[in-house]
Amino acid sequence: MSRQAILFLAAGLVLAACSSRPDPAPVERAPVNPEALVPAVNVVPESGLGPQQLAKNECGLFLWSKTDPTQFIFFERAQTGRATVQIGSKAVEVTQTINRGEIFGEFMTEQGFAAPDGEQILLTIVPGEPLQAGQRVEAGKLEISTPEGWRTLIPVLGVRACQP
């Protein structure tokens, strides 16, 4: 057989093989519900807390998000075991469940809180330089966990201040 005949025969076999393959069955995919990809509860603060006042001889912990825009999102009065946290679009009163770490004036450097809707909040702070009647919070994070299993970490900074 000539070389040309062999190439012609080989090409014919390749074409026959390609045409005899069955088409793959179409893959059916379930439609994606975009809402299923979004957390059931938006815990990222949409706005900040309002102004907070301290009485004479009272101390408070004031924290702002280190996000753009910066927002006032956490306030705790010393020795009350409660705080106010901005969760999503609402200010929520939370109850302290953990109080450990190092002493930071009237507060501790690691605190946990429980919200009425089941969110768990863990606050960890790094003390900064002293101020008159207080001290800066050099860095910190607010970790919010929802009952659905979502966790949101918000970097914070702030101040521990006392009203003389």
# chains A, B, ... in the order shown; residues from 1 in each chain; ligands from 1
call {"tool": "closest_atom_pairs", "arguments": {"of": "range 38-135 of chain A", "to": "range 139-153 of chain A", "cutoff": "8 Å", "atoms": "only C-alpha atoms", "output": "JSON lines"}}
result
{"residue": "A:Pro39", "atom": "CA", "partner": "A:Trp150", "partner_atom": "CA", "distance": 6.9}
{"residue": "A:Ala40", "atom": "CA", "partner": "A:Glu148", "partner_atom": "CA", "distance": 7.4}
{"residue": "A:Val41", "atom": "CA", "partner": "A:Thr146", "partner_atom": "CA", "distance": 7.4}
{"residue": "A:Val43", "atom": "CA", "partner": "A:Thr152", "partner_atom": "CA", "distance": 7.2}
{"residue": "A:Val44", "atom": "CA", "partner": "A:Thr152", "partner_atom": "CA", "distance": 7.3}
{"residue": "A:Gly118", "atom": "CA", "partner": "A:Pro147", "partner_atom": "CA", "distance": 5.8}
{"residue": "A:Glu119", "atom": "CA", "partner": "A:Thr146", "partner_atom": "CA", "distance": 4.5}
{"residue": "A:Gln120", "atom": "CA", "partner": "A:Ser145", "partner_atom": "CA", "distance": 5.1}
{"residue": "A:Ile121", "atom": "CA", "partner": "A:Ile144", "partner_atom": "CA", "distance": 4.6}
{"residue": "A:Leu122", "atom": "CA", "partner": "A:Glu143", "partner_atom": "CA", "distance": 5.1}
{"residue": "A:Leu123", "atom": "CA", "partner": "A:Leu142", "partner_atom": "CA", "distance": 4.7}
{"residue": "A:Thr124", "atom": "CA", "partner": "A:Gly140", "partner_atom": "CA", "distance": 5.4}
{"residue": "A:Ile125", "atom": "CA", "partner": "A:Gly140", "partner_atom": "CA", "distance": 4.0}
{"residue": "A:Val126", "atom": "CA", "partner": "A:Ala139", "partner_atom": "CA", "distance": 5.2}
{"residue": "A:Pro127", "atom": "CA", "partner": "A:Ala139", "partner_atom": "CA", "distance": 7.3}
{"residue": "A:Gly128", "atom": "CA", "partner": "A:Ala139", "partner_atom": "CA", "distance": 7.8}
call {"tool": "write_last_selection", "arguments": {"atoms": "C-alpha atoms", "output": "mmCIF file, in the first residue's frame"}}
result
data_model
loop_
_atom_site.group_PDB
_atom_site.id
_atom_site.type_symbol
_atom_site.label_atom_id
_atom_site.label_comp_id
_atom_site.auth_asym_id
_atom_site.auth_seq_id
_atom_site.Cartn_x
_atom_site.Cartn_y
_atom_site.Cartn_z
ATOM 1 C CA PRO A 39 -26.424 35.031 55.665
ATOM 2 C CA ALA A 40 -29.865 34.898 57.221
ATOM 3 C CA VAL A 41 -28.873 37.688 59.604
ATOM 4 C CA VAL A 43 -24.508 41.308 61.511
ATOM 5 C CA VAL A 44 -22.277 43.892 59.829
ATOM 6 C CA GLY A 118 -28.823 33.971 69.840
ATOM 7 C CA GLU A 119 -25.761 35.797 68.521
ATOM 8 C CA GLN A 120 -22.575 35.251 70.502
ATOM 9 C CA ILE A 121 -20.099 38.133 70.685
ATOM 10 C CA LEU A 122 -16.438 37.761 71.622
ATOM 11 C CA LEU A 123 -14.476 40.967 72.230
ATOM 12 C CA THR A 124 -10.689 40.906 72.403
ATOM 13 C CA ILE A 125 -8.767 44.153 72.957
ATOM 14 C CA VAL A 126 -5.132 45.242 73.119
ATOM 15 C CA PRO A 127 -4.585 48.116 75.580
ATOM 16 C CA GLY A 128 -2.807 51.191 74.266
#
call {"tool": "select_by_dssp", "arguments": {"residues": "range 21-147 of chain A", "states": "strand (DSSP E or B)", "output": "NGL selection string"}}
result
:A and (59-65 or 72-77 or 82-87 or 90-104 or 107-114 or 120-131 or 134-145)
call {"tool": "residues_around", "arguments": {"residues": "range 53-55 of chain A", "least_positions_apart": "2", "cutoff": "12 Å", "atoms": "only C-alpha atoms", "output": "compact mmCIF listing (two decimals) with N, CA, C and O atoms, in the first residue's frame"}}
result
# COMPACT_ATOMS: atom_id res chain seq x y z
N GLY A 50 -25.78 55.71 69.01
CA GLY A 50 -25.92 57.12 69.34
C GLY A 50 -24.97 57.50 70.48
O GLY A 50 -24.23 56.66 71.01
N PRO A 51 -24.97 58.77 70.86
CA PRO A 51 -24.09 59.23 71.95
C PRO A 51 -24.41 58.52 73.27
O PRO A 51 -25.56 58.17 73.53
N ASN A 57 -18.04 59.65 88.29
CA ASN A 57 -17.33 58.47 88.81
C ASN A 57 -17.68 57.18 88.08
O ASN A 57 -17.47 56.10 88.61
N GLU A 58 -18.21 57.27 86.89
CA GLU A 58 -18.56 56.08 86.09
C GLU A 58 -17.57 55.95 84.93
O GLU A 58 -17.07 56.93 84.41
N CYS A 59 -17.28 54.69 84.55
CA CYS A 59 -16.35 54.43 83.45
C CYS A 59 -17.07 53.65 82.35
O CYS A 59 -18.01 52.90 82.61
N GLY A 60 -16.58 53.83 81.13
CA GLY A 60 -17.17 53.12 80.00
C GLY A 60 -16.13 52.72 78.98
O GLY A 60 -15.03 53.28 78.93
N LEU A 61 -16.47 51.73 78.18
CA LEU A 61 -15.63 51.26 77.10
C LEU A 61 -16.34 51.62 75.79
O LEU A 61 -17.47 51.20 75.56
N PHE A 62 -15.68 52.44 74.96
CA PHE A 62 -16.23 52.93 73.71
C PHE A 62 -15.40 52.37 72.57
O PHE A 62 -14.19 52.58 72.53
N PHE A 75 -20.57 49.82 73.22
CA PHE A 75 -20.47 50.61 74.45
C PHE A 75 -20.79 49.71 75.64
O PHE A 75 -21.77 48.97 75.63
N GLU A 76 -19.92 49.80 76.66
CA GLU A 76 -20.13 49.03 77.89
C GLU A 76 -19.85 49.91 79.09
O GLU A 76 -18.81 50.57 79.16
N ARG A 77 -20.78 49.94 80.02
CA ARG A 77 -20.55 50.61 81.31
C ARG A 77 -19.82 49.62 82.23
O ARG A 77 -20.17 48.44 82.27
N ALA A 78 -18.83 50.11 82.95
CA ALA A 78 -18.04 49.26 83.84
C ALA A 78 -18.92 48.63 84.92
O ALA A 78 -19.86 49.25 85.42
N ARG A 160 -11.09 53.52 76.77
CA ARG A 160 -11.71 53.29 78.06
C ARG A 160 -11.61 54.63 78.77
O ARG A 160 -10.54 55.19 78.90
N ALA A 161 -12.76 55.17 79.15
CA ALA A 161 -12.78 56.52 79.73
C ALA A 161 -13.62 56.54 81.00
O ALA A 161 -14.59 55.80 81.13
N CYS A 162 -13.22 57.42 81.92
CA CYS A 162 -13.96 57.59 83.17
C CYS A 162 -14.35 59.06 83.34
O CYS A 162 -13.59 59.96 82.96
N GLN A 163 -15.52 59.27 83.88
CA GLN A 163 -15.99 60.61 84.19
C GLN A 163 -15.61 60.93 85.63
O GLN A 163 -16.13 60.29 86.54
N PRO A 164 -14.68 61.88 85.85
CA PRO A 164 -14.24 62.20 87.24
C PRO A 164 -15.36 62.82 88.07
O PRO A 164 -16.31 63.34 87.59
call {"tool": "atom_distance", "arguments": {"atom1": "CA of Trp64 in chain A", "atom2": "CA of Thr84 in chain A"}}
result
12.4 Å
call {"tool": "atom_distance", "arguments": {"atom1": "CA of Gln132 in chain A", "atom2": "CA of Gly112 in chain A"}}
result
27.4 Å
call {"tool": "atom_distance", "arguments": {"atom1": "CA of Pro45 in chain A", "atom2": "CA of Val137 in chain A"}}
result
19.7 Å
call {"tool": "residues_around", "arguments": {"residues": "Arg100 in chain A", "least_positions_apart": "2", "cutoff": "8 Å", "atoms": "only C-alpha atoms", "output": "MDAnalysis selection string"}}
result
chainID A and resid 98 102 108:111
call {"tool": "closest_residue", "arguments": {"among": "A:Phe104, A:Thr67, A:Ala114, A:Lys56", "to": "Ala83 in chain A", "atoms": "only C-alpha atoms"}}
result
A:Ala114
call {"tool": "closest_residue", "arguments": {"among": "A:Ala115, A:Leu131, A:Ala91, A:Leu49", "to": "Thr70 in chain A", "atoms": "only C-alpha atoms"}}
result
A:Leu49
call {"tool": "residues_around", "arguments": {"residues": "Ser65 in chain A", "least_positions_apart": "3", "cutoff": "8 Å", "atoms": "only C-alpha atoms", "output": "list in words"}}
result
Thr70, Gln71, Phe72, Ile73, Ile154, Pro155, Val156 and Leu157 of chain A
call {"tool": "write_last_selection", "arguments": {"atoms": "C-alpha atoms", "output": "mmCIF file, in the first residue's frame"}}
result
data_model
loop_
_atom_site.group_PDB
_atom_site.id
_atom_site.type_symbol
_atom_site.label_atom_id
_atom_site.label_comp_id
_atom_site.auth_asym_id
_atom_site.auth_seq_id
_atom_site.Cartn_x
_atom_site.Cartn_y
_atom_site.Cartn_z
ATOM 1 C CA THR A 70 -15.708 54.199 60.906
ATOM 2 C CA GLN A 71 -18.729 53.711 63.167
ATOM 3 C CA PHE A 72 -19.318 53.709 66.914
ATOM 4 C CA ILE A 73 -20.480 50.088 67.416
ATOM 5 C CA ILE A 154 -14.833 43.396 62.886
ATOM 6 C CA PRO A 155 -11.553 45.138 63.735
ATOM 7 C CA VAL A 156 -12.052 47.801 66.411
ATOM 8 C CA LEU A 157 -10.246 50.586 68.220
#
call {"tool": "closest_residue", "arguments": {"among": "A:Pro116, A:Gly158, A:Gly81, A:Gly105", "to": "Arg136 in chain A", "atoms": "only C-alpha atoms"}}
result
A:Gly158
call {"tool": "closest_residue", "arguments": {"among": "A:Glu138, A:Glu106, A:Glu129, A:Glu46", "to": "Ser89 in chain A", "atoms": "only C-alpha atoms"}}
result
A:Glu46
call {"tool": "decode", "arguments": {"residues": "range 44-63 of chain A", "atoms": "N, CA, C and O atoms", "output": "PDB file, in the first residue's frame"}}
result
ATOM      1  N   VAL A  44     -23.176  42.768  60.071  1.00  0.00           N
ATOM      2  CA  VAL A  44     -22.277  43.892  59.829  1.00  0.00           C
ATOM      3  C   VAL A  44     -23.035  45.180  60.134  1.00  0.00           C
ATOM      4  O   VAL A  44     -24.131  45.408  59.620  1.00  0.00           O
ATOM      5  N   PRO A  45     -22.474  46.047  60.995  1.00  0.00           N
ATOM      6  CA  PRO A  45     -23.182  47.277  61.361  1.00  0.00           C
ATOM      7  C   PRO A  45     -23.488  48.141  60.147  1.00  0.00           C
ATOM      8  O   PRO A  45     -22.619  48.399  59.320  1.00  0.00           O
ATOM      9  N   GLU A  46     -24.751  48.546  60.031  1.00  0.00           N
ATOM     10  CA  GLU A  46     -25.172  49.404  58.936  1.00  0.00           C
ATOM     11  C   GLU A  46     -25.111  50.872  59.343  1.00  0.00           C
ATOM     12  O   GLU A  46     -25.159  51.754  58.496  1.00  0.00           O
ATOM     13  N   SER A  47     -25.050  51.122  60.629  1.00  0.00           N
ATOM     14  CA  SER A  47     -24.940  52.476  61.156  1.00  0.00           C
ATOM     15  C   SER A  47     -24.288  52.360  62.528  1.00  0.00           C
ATOM     16  O   SER A  47     -23.941  51.263  62.959  1.00  0.00           O
ATOM     17  N   GLY A  48     -24.124  53.472  63.201  1.00  0.00           N
ATOM     18  CA  GLY A  48     -23.482  53.439  64.513  1.00  0.00           C
ATOM     19  C   GLY A  48     -24.449  53.694  65.645  1.00  0.00           C
ATOM     20  O   GLY A  48     -25.614  54.051  65.438  1.00  0.00           O
ATOM     21  N   LEU A  49     -23.944  53.491  66.859  1.00  0.00           N
ATOM     22  CA  LEU A  49     -24.729  53.791  68.062  1.00  0.00           C
ATOM     23  C   LEU A  49     -24.812  55.297  68.244  1.00  0.00           C
ATOM     24  O   LEU A  49     -23.963  56.043  67.754  1.00  0.00           O
ATOM     25  N   GLY A  50     -25.783  55.706  69.008  1.00  0.00           N
ATOM     26  CA  GLY A  50     -25.920  57.120  69.341  1.00  0.00           C
ATOM     27  C   GLY A  50     -24.968  57.501  70.476  1.00  0.00           C
ATOM     28  O   GLY A  50     -24.235  56.659  71.010  1.00  0.00           O
ATOM     29  N   PRO A  51     -24.972  58.768  70.865  1.00  0.00           N
ATOM     30  CA  PRO A  51     -24.093  59.229  71.949  1.00  0.00           C
ATOM     31  C   PRO A  51     -24.412  58.517  73.269  1.00  0.00           C
ATOM     32  O   PRO A  51     -25.555  58.167  73.535  1.00  0.00           O
ATOM     33  N   GLN A  52     -23.381  58.309  74.072  1.00  0.00           N
ATOM     34  CA  GLN A  52     -23.531  57.661  75.374  1.00  0.00           C
ATOM     35  C   GLN A  52     -22.989  58.613  76.437  1.00  0.00           C
ATOM     36  O   GLN A  52     -21.971  59.260  76.227  1.00  0.00           O
ATOM     37  N   GLN A  53     -23.656  58.673  77.575  1.00  0.00           N
ATOM     38  CA  GLN A  53     -23.263  59.568  78.667  1.00  0.00           C
ATOM     39  C   GLN A  53     -22.792  58.744  79.860  1.00  0.00           C
ATOM     40  O   GLN A  53     -23.355  57.693  80.150  1.00  0.00           O
ATOM     41  N   LEU A  54     -21.782  59.237  80.519  1.00  0.00           N
ATOM     42  CA  LEU A  54     -21.309  58.622  81.755  1.00  0.00           C
ATOM     43  C   LEU A  54     -21.665  59.532  82.921  1.00  0.00           C
ATOM     44  O   LEU A  54     -21.519  60.753  82.832  1.00  0.00           O
ATOM     45  N   ALA A  55     -22.116  58.931  84.017  1.00  0.00           N
ATOM     46  CA  ALA A  55     -22.391  59.689  85.246  1.00  0.00           C
ATOM     47  C   ALA A  55     -21.062  59.962  85.954  1.00  0.00           C
ATOM     48  O   ALA A  55     -20.027  59.377  85.627  1.00  0.00           O
ATOM     49  N   LYS A  56     -21.103  60.811  86.946  1.00  0.00           N
ATOM     50  CA  LYS A  56     -19.910  61.125  87.727  1.00  0.00           C
ATOM     51  C   LYS A  56     -19.360  59.834  88.347  1.00  0.00           C
ATOM     52  O   LYS A  56     -20.125  59.005  88.837  1.00  0.00           O
ATOM     53  N   ASN A  57     -18.042  59.648  88.286  1.00  0.00           N
ATOM     54  CA  ASN A  57     -17.331  58.472  88.808  1.00  0.00           C
ATOM     55  C   ASN A  57     -17.683  57.178  88.079  1.00  0.00           C
ATOM     56  O   ASN A  57     -17.468  56.100  88.608  1.00  0.00           O
ATOM     57  N   GLU A  58     -18.212  57.267  86.890  1.00  0.00           N
ATOM     58  CA  GLU A  58     -18.564  56.082  86.091  1.00  0.00           C
ATOM     59  C   GLU A  58     -17.569  55.948  84.934  1.00  0.00           C
ATOM     60  O   GLU A  58     -17.075  56.934  84.407  1.00  0.00           O
ATOM     61  N   CYS A  59     -17.279  54.695  84.554  1.00  0.00           N
ATOM     62  CA  CYS A  59     -16.354  54.425  83.452  1.00  0.00           C
ATOM     63  C   CYS A  59     -17.069  53.652  82.352  1.00  0.00           C
ATOM     64  O   CYS A  59     -18.006  52.896  82.613  1.00  0.00           O
ATOM     65  N   GLY A  60     -16.581  53.827  81.132  1.00  0.00           N
ATOM     66  CA  GLY A  60     -17.171  53.121  79.999  1.00  0.00           C
ATOM     67  C   GLY A  60     -16.126  52.719  78.981  1.00  0.00           C
ATOM     68  O   GLY A  60     -15.025  53.282  78.927  1.00  0.00           O
ATOM     69  N   LEU A  61     -16.471  51.730  78.180  1.00  0.00           N
ATOM     70  CA  LEU A  61     -15.626  51.262  77.097  1.00  0.00           C
ATOM     71  C   LEU A  61     -16.336  51.622  75.791  1.00  0.00           C
ATOM     72  O   LEU A  61     -17.466  51.197  75.562  1.00  0.00           O
ATOM     73  N   PHE A  62     -15.682  52.436  74.962  1.00  0.00           N
ATOM     74  CA  PHE A  62     -16.235  52.935  73.711  1.00  0.00           C
ATOM     75  C   PHE A  62     -15.401  52.373  72.567  1.00  0.00           C
ATOM     76  O   PHE A  62     -14.190  52.581  72.531  1.00  0.00           O
ATOM     77  N   LEU A  63     -16.028  51.661  71.625  1.00  0.00           N
ATOM     78  CA  LEU A  63     -15.293  51.066  70.510  1.00  0.00           C
ATOM     79  C   LEU A  63     -15.908  51.460  69.173  1.00  0.00           C
ATOM     80  O   LEU A  63     -17.134  51.485  69.027  1.00  0.00           O
TER      81      LEU A  63
END
